[in-house]
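Colleague: Below you will find the structure I want to go over with you.
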Number of protein chains: 2
Amino acid sequence: MAARHEEIADELRRAIDREEYAVGALLPAETDLATRYGVSRGTVRQAVAALTSEGLIGSRQGARRVVLASRRSQSFAELRSFAQWARAMGRAATGRVVAQEYRPAGTEDAVRLQLRAGTPVLHVLRVRGLDGEPVLLERTVYADWIAAAVEPIEPDCASVTQRLLDDTGLVFAYGEHVIDAVAAGAQDAELLGVRRTSPLLRVRRVTTTYEGRPVEWSDDRYRSDAVSFSVHNSIGNNALARKTAE
Amino acid sequence: MAARHEEIADELRRAIDREEYAVGALLPAETDLATRYGVSRGTVRQAVAALTSEGLIGSRQGARRVVLASRRSQSFAELRSFAQWARAMGRAATGRVVAQEYRPAGTEDAVRLQLRAGTPVLHVLRVRGLDGEPVLLERTVYADWIAAAVEPIEPDCASVTQRLLDDTGLVFAYGEHVIDAVAAGAQDAELLGVRRTSPLLRVRRVTTTYEGRPVEWSDDRYRSDAVSFSVHNSIGNNALARKTAE
DNA sequence: GAGGCGAACTTGTCTGAACAAGTTGGCCTC
DNA sequence: GAGGCCAACTTGTTCAGACAAGTTCGCCTC
């Protein structure tokens with residue numbers, strides 16, 4: 001938290017949180033904030049841009065900024081891994097590997113991980129929970145070049161992401177997620193403790209390094225009674241994309 | 001498309017699209033792009049910031065930017081309404097009102113729309129489709145102050161959003177969406193043409209004006225075989241938020 | 001060959017200024 | 001009172017420069 005614009009963004013977030021700026025009220029003008037914090041207008045703009053992208057405030061040319069919401073849903077920054085997310089919410093992440101084996105990469109594996117078909121990849125089936133209650137079923141495929149580092153990790157390791165960072169310095173930098181809904185199959189139902197055909201929230205994701213090299217891809221299935229996703233958008237600026245079936 | 005930084009962003013997007021900058025390759029340095037386009041470094045930074053937030057390129061201090069993906073999923077800007085989204089994909093949005101009636105606002109309506117309980121609000125049940133095939137079931141509640149403008153709209157109007165803009169100048173400026181999965185009920189199944197208990201992707205959303213005043217809230221259920229959502233994230237910058245059940 | 005060091009490069013942060021473009025509200029007219 | 005117009009205000013865009021912080025890669029040493 002070195003950067004001044006981040007400090008200012010944080011102060012504004014807190015001020016909104018404690019309703020110093022109520023929902024529906026107007027934020028002070030940029031120039032006011034600039035003099036108040038003793039920085040230039042550009043720095044203030046960086047700060048409020050962050051809040052805007054978080055959906056906390058609305059912004060349009062000519063009019064003062066409006067406070068749209070106060071309840072920011074638990075630390076938007078750095079909710080990358082399941083474990084980090086759980087910790088940020090004050091809950092304990094648990095995990096258990098149900099099955100783990102090497103298989104030659106199929107066509108889908110090869111495409112998503114940018115490998116040649118037939119390359120041995122590591123399939124891991126993992127159940128994850130919050131405070132012990134199963135919430136998520138992860139079917140992950142790791143690329144061959146990282147598989148050796150994943151294999152020896154204890155089955156009940158709470159954060160594989162953290163572990164790989166510590167052991168190998170690997171950073172899960174970028175992720176692409178496709179979200180849809182599926183009915184629980186027999187295995188899903190048993191491991192998550194729900195009835196078969198229960199609706200599950202499915203997130204298929206590919207994670208890459210800083211260089212854009214795919215590390216893993218995964219089919220994650222969440223119990224829909226336990227977890228939901230929230231997204232906000234504004235006109236002309238939209239992080240979410242609807243996609244039709246291919 | 002007046003702003004220079006938007007033009008540059010667009011040129012870069014197209015260049016990535018036609019693989020002038022291949023996935024995994026490095027983008028030219030900011031200073032290079034600045035001289036190439038004859039603008040200052042700040043303007044280039046605005047352009048690449050847009051691509052970064054779209055997930056097309058990755059960025060970190062000290063290293064050149066990396067191209068992460070090329071296939072940008074159909075116009076990120078302005079996919080606000082169902083009709084606009086359909087049009088951007090080259091498909092025709094259809095719509096049909098199944099039921100429409102005034103009811104006094106319940107507690108949930110009152111909270112979400114910031115009205116007093118008992119205020120008459122307009123409930124509309126609408127089936128929407130792509131090229132005639134039903135894809136989405138919308139259960140929308142409109143605030144009292146806009147209901148009078150919604151009521152007379154023809155049942156098969158393709159874009160209610162556009163219609164309200166034309167008639168009343170109302171802009172749906174901001175939206176907050178919560179995504180989860182539910183099983184299709186009897187009515188859902190019949191209207192969407194799926195079996196009962198089929199998994200549906202549910203999006204509960206509240207739409208507001210520029211001032212943050214809630215206009216409508218809606219329970220939208222998508223056929224999960226027809227539509228999915230995609231989100232990308234990067235370390236320390238995340239538009240998506242996982243939420244646990246309340 | 002392995003490792004450490006440092007220079008060159010690149011992105012991040014910040015300033016101060018100027019003008020463009022959109023909104024708001026008061027004043028004036030009819 | 002209704003409507004139109006204008007001035008003040010506010011955000012958006014762009015520039016040029018400076019320094020900080022992180023990465024990369026070649027060179028040198030051991």
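Order determines the names: the first chain of the structure tokens is A, the second B, and so forth; residues in each chain are numbered 1 upward, and ligands are numbered 1 upward as they are shown.
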Within 12 Å of DC28 (chain D), counting only C-alpha atoms (C1' of nucleotides), which residues show up once you throw out same-chain ones fewer than 3 positions away? Write them as number ranges by chain, please.
Modeller: C: 3-6
Colleague: Could you turn the residues from that selection into a file that holds N, CA and C atoms (P, O5', C5', C4', C3', O3' and C1' of nucleotides), as a PDB file, in the first residue's frame?
Modeller:
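The file below, again_38.pdb, is the result:
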```
ATOM      1  P    DG C   3      23.738 -21.923  -9.302  1.00  0.00           P
ATOM      2  O5'  DG C   3      24.252 -20.500  -8.813  1.00  0.00           O
ATOM      3  C5'  DG C   3      25.458 -20.414  -8.062  1.00  0.00           C
ATOM      4  C4'  DG C   3      25.970 -18.987  -8.104  1.00  0.00           C
ATOM      5  C3'  DG C   3      24.894 -17.928  -7.828  1.00  0.00           C
ATOM      6  O3'  DG C   3      25.216 -17.220  -6.634  1.00  0.00           O
ATOM      7  C1'  DG C   3      26.244 -17.345  -9.714  1.00  0.00           C
ATOM      8  P    DG C   4      24.215 -16.065  -6.124  1.00  0.00           P
ATOM      9  O5'  DG C   4      25.032 -14.738  -6.437  1.00  0.00           O
ATOM     10  C5'  DG C   4      26.441 -14.677  -6.164  1.00  0.00           C
ATOM     11  C4'  DG C   4      27.000 -13.364  -6.685  1.00  0.00           C
ATOM     12  C3'  DG C   4      26.138 -12.138  -6.384  1.00  0.00           C
ATOM     13  O3'  DG C   4      26.971 -11.048  -6.011  1.00  0.00           O
ATOM     14  C1'  DG C   4      26.425 -12.361  -8.736  1.00  0.00           C
ATOM     15  P    DC C   5      26.313  -9.693  -5.499  1.00  0.00           P
ATOM     16  O5'  DC C   5      26.623  -8.682  -6.681  1.00  0.00           O
ATOM     17  C5'  DC C   5      27.907  -8.737  -7.342  1.00  0.00           C
ATOM     18  C4'  DC C   5      27.907  -7.766  -8.508  1.00  0.00           C
ATOM     19  C3'  DC C   5      27.044  -6.526  -8.281  1.00  0.00           C
ATOM     20  O3'  DC C   5      27.829  -5.366  -8.489  1.00  0.00           O
ATOM     21  C1'  DC C   5      26.463  -7.608 -10.339  1.00  0.00           C
ATOM     22  P    DG C   6      27.184  -3.909  -8.195  1.00  0.00           P
ATOM     23  O5'  DG C   6      26.868  -3.392  -9.676  1.00  0.00           O
ATOM     24  C5'  DG C   6      27.831  -3.620 -10.720  1.00  0.00           C
ATOM     25  C4'  DG C   6      27.188  -3.276 -12.054  1.00  0.00           C
ATOM     26  C3'  DG C   6      26.352  -1.994 -12.045  1.00  0.00           C
ATOM     27  O3'  DG C   6      26.577  -1.286 -13.249  1.00  0.00           O
ATOM     28  C1'  DG C   6      25.027  -3.800 -12.762  1.00  0.00           C
TER      29       DG C   6
END
```
Colleague: Considering only C-alpha atoms (C1' of nucleotides), give me a table of residues in chain A that are at most 10 Å from chain C, with the closest atom pair and distance in Å for each, as CSV.
Modeller:
```
residue,atom,partner,partner_atom,distance
A:Ala3,CA,C:DT13,C1',7.1
A:Arg4,CA,C:DT13,C1',8.3
A:His5,CA,C:DT13,C1',8.7
A:Val39,CA,C:DC14,C1',8.3
A:Ser40,CA,C:DT15,C1',6.3
A:Arg41,CA,C:DT15,C1',8.9
A:Gly42,CA,C:DC14,C1',7.7
A:Thr43,CA,C:DC14,C1',6.8
A:Arg60,CA,C:DG22,C1',8.4
A:Gln61,CA,C:DG22,C1',5.5
A:Gly62,CA,C:DG22,C1',4.4
A:Ala63,CA,C:DT23,C1',5.3
A:Arg64,CA,C:DT23,C1',8.8
```
Colleague: Counting only C-alpha atoms, which of A:Val231, A:Val121, A:Ala50, A:Ala69 gets nearest to chain B?
Modeller: A:Val231
Colleague: Would you list, as number ranges by chain, the residues of region 106-195 of chain B that end up in strand (DSSP E or B) under DSSP run on this structure's backbone?
Modeller: B: 120-130, 133-142, 174-183
Colleague: Could you write out the selected residues, including N, CA, C and O atoms, as a compact mmCIF listing (two decimals), in the first residue's frame?
Modeller:
```txt
# COMPACT_ATOMS: atom_id res chain seq x y z
N PRO B 120 -47.49 0.50 -4.93
CA PRO B 120 -47.79 -0.40 -6.04
C PRO B 120 -46.62 -0.47 -7.03
O PRO B 120 -46.13 0.55 -7.49
N VAL B 121 -46.15 -1.68 -7.29
CA VAL B 121 -45.06 -1.88 -8.25
C VAL B 121 -45.56 -2.81 -9.36
O VAL B 121 -46.50 -3.58 -9.16
N LEU B 122 -44.90 -2.73 -10.52
CA LEU B 122 -45.35 -3.49 -11.68
C LEU B 122 -44.52 -4.76 -11.85
O LEU B 122 -43.31 -4.69 -12.07
N HIS B 123 -45.16 -5.91 -11.73
CA HIS B 123 -44.49 -7.18 -11.95
C HIS B 123 -44.70 -7.62 -13.40
O HIS B 123 -45.84 -7.63 -13.88
N VAL B 124 -43.60 -7.96 -14.07
CA VAL B 124 -43.71 -8.42 -15.46
C VAL B 124 -42.96 -9.73 -15.60
O VAL B 124 -41.81 -9.84 -15.18
N LEU B 125 -43.62 -10.71 -16.20
CA LEU B 125 -42.97 -11.98 -16.52
C LEU B 125 -42.79 -12.06 -18.02
O LEU B 125 -43.77 -11.97 -18.77
N ARG B 126 -41.55 -12.15 -18.45
CA ARG B 126 -41.25 -12.03 -19.87
C ARG B 126 -40.38 -13.20 -20.32
O ARG B 126 -39.44 -13.57 -19.62
N VAL B 127 -40.69 -13.77 -21.47
CA VAL B 127 -39.82 -14.80 -22.07
C VAL B 127 -39.06 -14.15 -23.20
O VAL B 127 -39.64 -13.45 -24.03
N ARG B 128 -37.75 -14.36 -23.23
CA ARG B 128 -36.96 -13.76 -24.29
C ARG B 128 -36.22 -14.85 -25.03
O ARG B 128 -35.87 -15.89 -24.47
N GLY B 129 -36.00 -14.61 -26.31
CA GLY B 129 -35.35 -15.64 -27.12
C GLY B 129 -34.37 -15.07 -28.11
O GLY B 129 -34.31 -13.85 -28.33
N LEU B 130 -33.57 -15.97 -28.66
CA LEU B 130 -32.67 -15.61 -29.74
C LEU B 130 -33.20 -16.31 -30.99
O LEU B 130 -33.33 -17.53 -31.02
N GLU B 133 -35.97 -18.90 -30.43
CA GLU B 133 -35.79 -19.96 -29.44
C GLU B 133 -35.72 -19.37 -28.04
O GLU B 133 -34.86 -18.53 -27.77
N PRO B 134 -36.61 -19.82 -27.14
CA PRO B 134 -36.60 -19.24 -25.79
C PRO B 134 -35.31 -19.56 -25.05
O PRO B 134 -34.84 -20.69 -25.09
N VAL B 135 -34.75 -18.55 -24.40
CA VAL B 135 -33.44 -18.68 -23.79
C VAL B 135 -33.44 -18.12 -22.37
O VAL B 135 -32.69 -18.57 -21.52
N LEU B 136 -34.32 -17.18 -22.12
CA LEU B 136 -34.27 -16.43 -20.87
C LEU B 136 -35.68 -16.13 -20.35
O LEU B 136 -36.57 -15.77 -21.12
N LEU B 137 -35.84 -16.33 -19.05
CA LEU B 137 -37.10 -15.99 -18.40
C LEU B 137 -36.84 -14.86 -17.42
O LEU B 137 -36.00 -15.01 -16.53
N GLU B 138 -37.52 -13.77 -17.61
CA GLU B 138 -37.29 -12.57 -16.79
C GLU B 138 -38.47 -12.30 -15.88
O GLU B 138 -39.59 -12.11 -16.37
N ARG B 139 -38.22 -12.25 -14.60
CA ARG B 139 -39.26 -11.80 -13.67
C ARG B 139 -38.82 -10.45 -13.13
O ARG B 139 -37.95 -10.38 -12.28
N THR B 140 -39.41 -9.41 -13.66
CA THR B 140 -38.95 -8.06 -13.36
C THR B 140 -39.97 -7.29 -12.54
O THR B 140 -41.17 -7.42 -12.76
N VAL B 141 -39.47 -6.50 -11.60
CA VAL B 141 -40.33 -5.61 -10.82
C VAL B 141 -39.87 -4.18 -11.07
O VAL B 141 -38.70 -3.85 -10.85
N TYR B 142 -40.79 -3.36 -11.58
CA TYR B 142 -40.46 -1.96 -11.87
C TYR B 142 -40.96 -1.04 -10.76
O TYR B 142 -42.05 -1.23 -10.24
N TYR B 174 -26.41 1.83 -14.28
CA TYR B 174 -25.58 0.91 -13.51
C TYR B 174 -26.36 -0.34 -13.15
O TYR B 174 -27.58 -0.29 -12.96
N GLY B 175 -25.66 -1.45 -13.03
CA GLY B 175 -26.31 -2.69 -12.65
C GLY B 175 -25.46 -3.47 -11.68
O GLY B 175 -24.25 -3.46 -11.75
N GLU B 176 -26.11 -4.13 -10.76
CA GLU B 176 -25.43 -5.03 -9.83
C GLU B 176 -26.05 -6.40 -10.02
O GLU B 176 -27.27 -6.54 -9.96
N HIS B 177 -25.23 -7.39 -10.28
CA HIS B 177 -25.72 -8.73 -10.60
C HIS B 177 -25.19 -9.75 -9.61
O HIS B 177 -24.02 -9.73 -9.28
N VAL B 178 -26.07 -10.64 -9.18
CA VAL B 178 -25.64 -11.78 -8.38
C VAL B 178 -26.02 -13.05 -9.13
O VAL B 178 -27.18 -13.25 -9.48
N ILE B 179 -25.03 -13.88 -9.37
CA ILE B 179 -25.20 -15.05 -10.22
C ILE B 179 -25.17 -16.32 -9.41
O ILE B 179 -24.27 -16.51 -8.59
N ASP B 180 -26.14 -17.19 -9.59
CA ASP B 180 -26.06 -18.52 -9.01
C ASP B 180 -26.83 -19.49 -9.90
O ASP B 180 -27.20 -19.15 -11.01
N ALA B 181 -27.03 -20.69 -9.42
CA ALA B 181 -27.72 -21.72 -10.20
C ALA B 181 -28.95 -22.19 -9.44
O ALA B 181 -28.93 -22.32 -8.23
N VAL B 182 -30.04 -22.42 -10.17
CA VAL B 182 -31.25 -22.96 -9.55
C VAL B 182 -31.82 -24.05 -10.45
O VAL B 182 -31.51 -24.11 -11.64
N ALA B 183 -32.66 -24.89 -9.87
CA ALA B 183 -33.35 -25.90 -10.66
C ALA B 183 -34.62 -25.27 -11.24
O ALA B 183 -35.26 -24.45 -10.60
```
Colleague: Within 9 Å of chain A, which residues of chain D come that close, and what is the closest atom pair and distance in Å for each? Count only C-alpha atoms (C1' of nucleotides) and give it as CSV.
Modeller:
```
residue,atom,partner,partner_atom,distance
D:DC9,C1',A:Gly62,CA,8.1
D:DT10,C1',A:Gly62,CA,4.8
D:DT11,C1',A:Gln61,CA,4.3
D:DG12,C1',A:Gln61,CA,6.2
```
Colleague: Could you write out that same residue set with all heavy atoms as a compact mmCIF listing (two decimals), in the first residue's frame?
Modeller:
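After the write, again.txt holds the following:
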```txt
# COMPACT_ATOMS: atom_id res chain seq x y z
P DC D 9 -18.20 28.70 -9.66
OP1 DC D 9 -18.34 28.97 -8.22
OP2 DC D 9 -16.99 29.13 -10.40
O5' DC D 9 -18.39 27.13 -9.89
C5' DC D 9 -19.68 26.55 -9.68
C4' DC D 9 -19.74 25.16 -10.24
O4' DC D 9 -19.78 25.20 -11.68
C3' DC D 9 -18.55 24.27 -9.87
O3' DC D 9 -19.05 23.10 -9.27
C2' DC D 9 -17.89 23.96 -11.22
C1' DC D 9 -19.07 24.08 -12.16
N1 DC D 9 -18.75 24.32 -13.59
C2 DC D 9 -19.24 23.45 -14.56
O2 DC D 9 -19.94 22.49 -14.18
N3 DC D 9 -18.97 23.67 -15.86
C4 DC D 9 -18.22 24.71 -16.21
N4 DC D 9 -17.98 24.89 -17.51
C5 DC D 9 -17.70 25.62 -15.25
C6 DC D 9 -17.99 25.40 -13.95
P DT D 10 -18.06 22.15 -8.42
OP1 DT D 10 -18.81 21.63 -7.26
OP2 DT D 10 -16.77 22.86 -8.24
O5' DT D 10 -17.82 20.94 -9.42
C5' DT D 10 -18.92 20.16 -9.86
C4' DT D 10 -18.50 19.24 -10.97
O4' DT D 10 -18.33 20.00 -12.17
C3' DT D 10 -17.16 18.55 -10.73
O3' DT D 10 -17.37 17.16 -10.53
C2' DT D 10 -16.34 18.81 -11.98
C1' DT D 10 -17.36 19.36 -12.95
N1 DT D 10 -16.80 20.36 -13.89
C2 DT D 10 -16.93 20.14 -15.23
O2 DT D 10 -17.48 19.17 -15.69
N3 DT D 10 -16.38 21.11 -16.02
C4 DT D 10 -15.73 22.25 -15.61
O4 DT D 10 -15.27 23.04 -16.43
C5 DT D 10 -15.62 22.43 -14.19
C7 DT D 10 -14.92 23.64 -13.64
C6 DT D 10 -16.16 21.48 -13.40
P DT D 11 -16.09 16.16 -10.30
OP1 DT D 11 -16.53 15.19 -9.32
OP2 DT D 11 -14.88 16.96 -10.11
O5' DT D 11 -16.00 15.44 -11.73
C5' DT D 11 -17.14 14.79 -12.28
C4' DT D 11 -16.90 14.48 -13.75
O4' DT D 11 -16.61 15.71 -14.44
C3' DT D 11 -15.73 13.54 -14.02
O3' DT D 11 -16.11 12.59 -15.00
C2' DT D 11 -14.64 14.47 -14.52
C1' DT D 11 -15.47 15.53 -15.25
N1 DT D 11 -14.79 16.83 -15.40
C2 DT D 11 -14.71 17.40 -16.65
O2 DT D 11 -15.16 16.87 -17.64
N3 DT D 11 -14.07 18.61 -16.69
C4 DT D 11 -13.51 19.30 -15.63
O4 DT D 11 -12.97 20.37 -15.82
C5 DT D 11 -13.64 18.64 -14.36
C7 DT D 11 -13.06 19.31 -13.13
C6 DT D 11 -14.26 17.46 -14.29
P DG D 12 -15.04 11.51 -15.51
OP1 DG D 12 -15.78 10.27 -15.78
OP2 DG D 12 -13.90 11.50 -14.60
O5' DG D 12 -14.58 12.10 -16.93
C5' DG D 12 -15.46 12.03 -18.04
C4' DG D 12 -14.74 12.39 -19.33
O4' DG D 12 -14.30 13.77 -19.24
C3' DG D 12 -13.48 11.56 -19.61
O3' DG D 12 -13.43 11.24 -20.99
C2' DG D 12 -12.35 12.50 -19.20
C1' DG D 12 -12.92 13.87 -19.54
N9 DG D 12 -12.37 14.96 -18.74
C8 DG D 12 -12.39 15.07 -17.37
N7 DG D 12 -11.82 16.16 -16.93
C5 DG D 12 -11.40 16.81 -18.08
C6 DG D 12 -10.72 18.05 -18.24
O6 DG D 12 -10.33 18.83 -17.36
N1 DG D 12 -10.49 18.34 -19.59
C2 DG D 12 -10.87 17.53 -20.64
N2 DG D 12 -10.56 17.96 -21.87
N3 DG D 12 -11.51 16.38 -20.51
C4 DG D 12 -11.73 16.09 -19.20
```
Colleague: Applying 9 Å and only C-alpha atoms (C1' of nucleotides), which residues near Ser70 (chain B) remain after dropping the ones on its own chain fewer than 2 positions away? List them as a count of residues only.
Modeller: 12
Colleague: Pull the helix (DSSP H, G or I) assignments for region 41-226 of chain A out of DSSP run on the backbone, and list those residues as a PyMOL selection string.
Modeller: chain A and resi 41-53+82-88+107-113+144-150+160-168+186-192
Colleague: Keeping only N, CA and C atoms, write the selected residues as a compact mmCIF listing (two decimals), in the first residue's frame.
Modeller:
```txt
# COMPACT_ATOMS: atom_id res chain seq x y z
N ARG A 41 -4.62 16.49 -9.33
CA ARG A 41 -5.91 15.97 -9.76
C ARG A 41 -5.76 14.57 -10.36
N GLY A 42 -4.66 14.35 -11.08
CA GLY A 42 -4.43 13.05 -11.70
C GLY A 42 -4.42 11.92 -10.68
N THR A 43 -3.81 12.15 -9.55
CA THR A 43 -3.74 11.13 -8.50
C THR A 43 -5.13 10.84 -7.94
N VAL A 44 -5.92 11.89 -7.75
CA VAL A 44 -7.29 11.68 -7.29
C VAL A 44 -8.07 10.87 -8.32
N ARG A 45 -7.85 11.17 -9.58
CA ARG A 45 -8.57 10.45 -10.62
C ARG A 45 -8.24 8.96 -10.60
N GLN A 46 -6.98 8.63 -10.34
CA GLN A 46 -6.60 7.22 -10.23
C GLN A 46 -7.35 6.55 -9.09
N ALA A 47 -7.47 7.28 -7.98
CA ALA A 47 -8.15 6.72 -6.82
C ALA A 47 -9.63 6.47 -7.11
N VAL A 48 -10.31 7.48 -7.62
CA VAL A 48 -11.74 7.31 -7.85
C VAL A 48 -12.01 6.32 -8.99
N ALA A 49 -11.06 6.18 -9.92
CA ALA A 49 -11.24 5.19 -10.99
C ALA A 49 -11.34 3.79 -10.40
N ALA A 50 -10.56 3.55 -9.35
CA ALA A 50 -10.61 2.24 -8.69
C ALA A 50 -12.00 2.00 -8.10
N LEU A 51 -12.52 3.00 -7.40
CA LEU A 51 -13.85 2.83 -6.79
C LEU A 51 -14.91 2.67 -7.87
N THR A 52 -14.73 3.37 -8.98
CA THR A 52 -15.69 3.26 -10.06
C THR A 52 -15.71 1.84 -10.61
N SER A 53 -14.53 1.27 -10.81
CA SER A 53 -14.49 -0.08 -11.38
C SER A 53 -15.00 -1.11 -10.38
N PHE A 82 -9.04 -20.12 -3.80
CA PHE A 82 -10.12 -20.47 -2.87
C PHE A 82 -9.70 -20.19 -1.43
N ALA A 83 -8.45 -20.55 -1.12
CA ALA A 83 -7.96 -20.37 0.25
C ALA A 83 -7.90 -18.88 0.63
N GLN A 84 -7.40 -18.06 -0.27
CA GLN A 84 -7.32 -16.63 0.00
C GLN A 84 -8.70 -16.03 0.22
N TRP A 85 -9.63 -16.49 -0.62
CA TRP A 85 -10.99 -15.98 -0.52
C TRP A 85 -11.61 -16.36 0.81
N ALA A 86 -11.43 -17.60 1.19
CA ALA A 86 -11.98 -18.07 2.46
C ALA A 86 -11.40 -17.27 3.63
N ARG A 87 -10.09 -17.07 3.58
CA ARG A 87 -9.44 -16.34 4.67
C ARG A 87 -9.96 -14.91 4.77
N ALA A 88 -10.15 -14.29 3.60
CA ALA A 88 -10.63 -12.91 3.59
C ALA A 88 -12.02 -12.81 4.22
N THR A 107 -7.48 -34.03 -26.55
CA THR A 107 -7.52 -32.87 -27.44
C THR A 107 -7.83 -31.59 -26.65
N GLU A 108 -8.86 -31.68 -25.77
CA GLU A 108 -9.25 -30.50 -25.00
C GLU A 108 -8.12 -30.04 -24.09
N ASP A 109 -7.50 -30.98 -23.41
CA ASP A 109 -6.37 -30.66 -22.54
C ASP A 109 -5.27 -29.97 -23.34
N ALA A 110 -4.96 -30.53 -24.50
CA ALA A 110 -3.87 -30.02 -25.32
C ALA A 110 -4.16 -28.58 -25.76
N VAL A 111 -5.39 -28.32 -26.15
CA VAL A 111 -5.74 -26.98 -26.62
C VAL A 111 -5.67 -25.98 -25.47
N ARG A 112 -6.29 -26.33 -24.35
CA ARG A 112 -6.36 -25.37 -23.25
C ARG A 112 -5.02 -25.12 -22.60
N LEU A 113 -4.18 -26.13 -22.55
CA LEU A 113 -2.89 -25.97 -21.88
C LEU A 113 -1.76 -25.70 -22.87
N ASP A 144 2.18 -30.51 -17.86
CA ASP A 144 3.27 -31.43 -17.54
C ASP A 144 4.42 -30.75 -16.80
N TRP A 145 4.73 -29.50 -17.19
CA TRP A 145 5.93 -28.86 -16.65
C TRP A 145 5.75 -28.41 -15.20
N ILE A 146 4.53 -28.47 -14.67
CA ILE A 146 4.34 -28.10 -13.27
C ILE A 146 3.85 -29.31 -12.47
N ALA A 147 3.44 -30.34 -13.15
CA ALA A 147 2.82 -31.50 -12.50
C ALA A 147 3.72 -32.10 -11.41
N ALA A 148 5.02 -32.15 -11.69
CA ALA A 148 5.94 -32.75 -10.73
C ALA A 148 5.94 -32.00 -9.41
N ALA A 149 5.65 -30.70 -9.44
CA ALA A 149 5.62 -29.91 -8.21
C ALA A 149 4.28 -30.08 -7.49
N VAL A 150 3.25 -30.45 -8.23
CA VAL A 150 1.92 -30.60 -7.63
C VAL A 150 1.77 -31.98 -6.98
N VAL A 160 -3.12 -24.79 -2.50
CA VAL A 160 -2.16 -25.29 -3.48
C VAL A 160 -1.44 -24.12 -4.15
N THR A 161 -2.20 -23.05 -4.39
CA THR A 161 -1.62 -21.86 -5.01
C THR A 161 -0.44 -21.34 -4.20
N GLN A 162 -0.67 -21.20 -2.88
CA GLN A 162 0.37 -20.70 -2.00
C GLN A 162 1.56 -21.65 -1.98
N ARG A 163 1.26 -22.93 -1.97
CA ARG A 163 2.29 -23.95 -1.90
C ARG A 163 3.19 -23.90 -3.12
N LEU A 164 2.58 -23.75 -4.29
CA LEU A 164 3.37 -23.70 -5.52
C LEU A 164 4.20 -22.42 -5.57
N LEU A 165 3.65 -21.35 -5.01
CA LEU A 165 4.43 -20.11 -4.96
C LEU A 165 5.66 -20.29 -4.07
N ASP A 166 5.45 -20.90 -2.91
CA ASP A 166 6.57 -21.11 -1.98
C ASP A 166 7.62 -22.05 -2.57
N ASP A 167 7.16 -23.14 -3.14
CA ASP A 167 8.08 -24.19 -3.60
C ASP A 167 8.80 -23.82 -4.89
N THR A 168 8.07 -23.25 -5.83
CA THR A 168 8.65 -23.07 -7.16
C THR A 168 8.67 -21.62 -7.62
N ALA A 186 -23.73 -38.20 -10.40
CA ALA A 186 -23.69 -39.11 -9.23
C ALA A 186 -22.49 -38.81 -8.36
N GLN A 187 -21.31 -38.66 -8.99
CA GLN A 187 -20.10 -38.39 -8.20
C GLN A 187 -20.16 -37.02 -7.54
N ASP A 188 -20.63 -36.01 -8.30
CA ASP A 188 -20.78 -34.67 -7.74
C ASP A 188 -21.66 -34.71 -6.50
N ALA A 189 -22.78 -35.39 -6.62
CA ALA A 189 -23.77 -35.43 -5.55
C ALA A 189 -23.17 -36.05 -4.30
N GLU A 190 -22.47 -37.15 -4.49
CA GLU A 190 -21.92 -37.84 -3.34
C GLU A 190 -20.87 -37.00 -2.61
N LEU A 191 -19.97 -36.42 -3.40
CA LEU A 191 -18.86 -35.70 -2.78
C LEU A 191 -19.28 -34.36 -2.19
N LEU A 192 -20.29 -33.74 -2.76
CA LEU A 192 -20.72 -32.44 -2.25
C LEU A 192 -21.86 -32.57 -1.24
```
Colleague: Could you jot down the CA of Pro155 (chain B) to CA of His232 (chain A) separation for me, Å, one decimal place?
Modeller: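 Taking CA of Pro155 (chain B) and CA of His232 (chain A), their separation equals 28.2 Å.
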Colleague: Distance CA of Ala9 (chain B)-CA of Leu33 (chain A), one decimal place?
Modeller: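 Distance between the two atoms: 29.3 Å.
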Colleague: Can you tell me which residues surround Gly132 (chain A) at a distance of at most 10 Å, considering only C-alpha atoms (C1' of nucleotides), apart from same-chain residues fewer than 4 positions away, and format the answer as a ChimeraX atom specification?
Modeller: /A:91-95,128
Colleague: Taking only C-alpha atoms into account, which of B:Val98, B:Ala143, B:Val66, B:Leu170 comes nearest chain A?
Modeller: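 Counting only C-alpha atoms, the residue closest to chain A is B:Val66.
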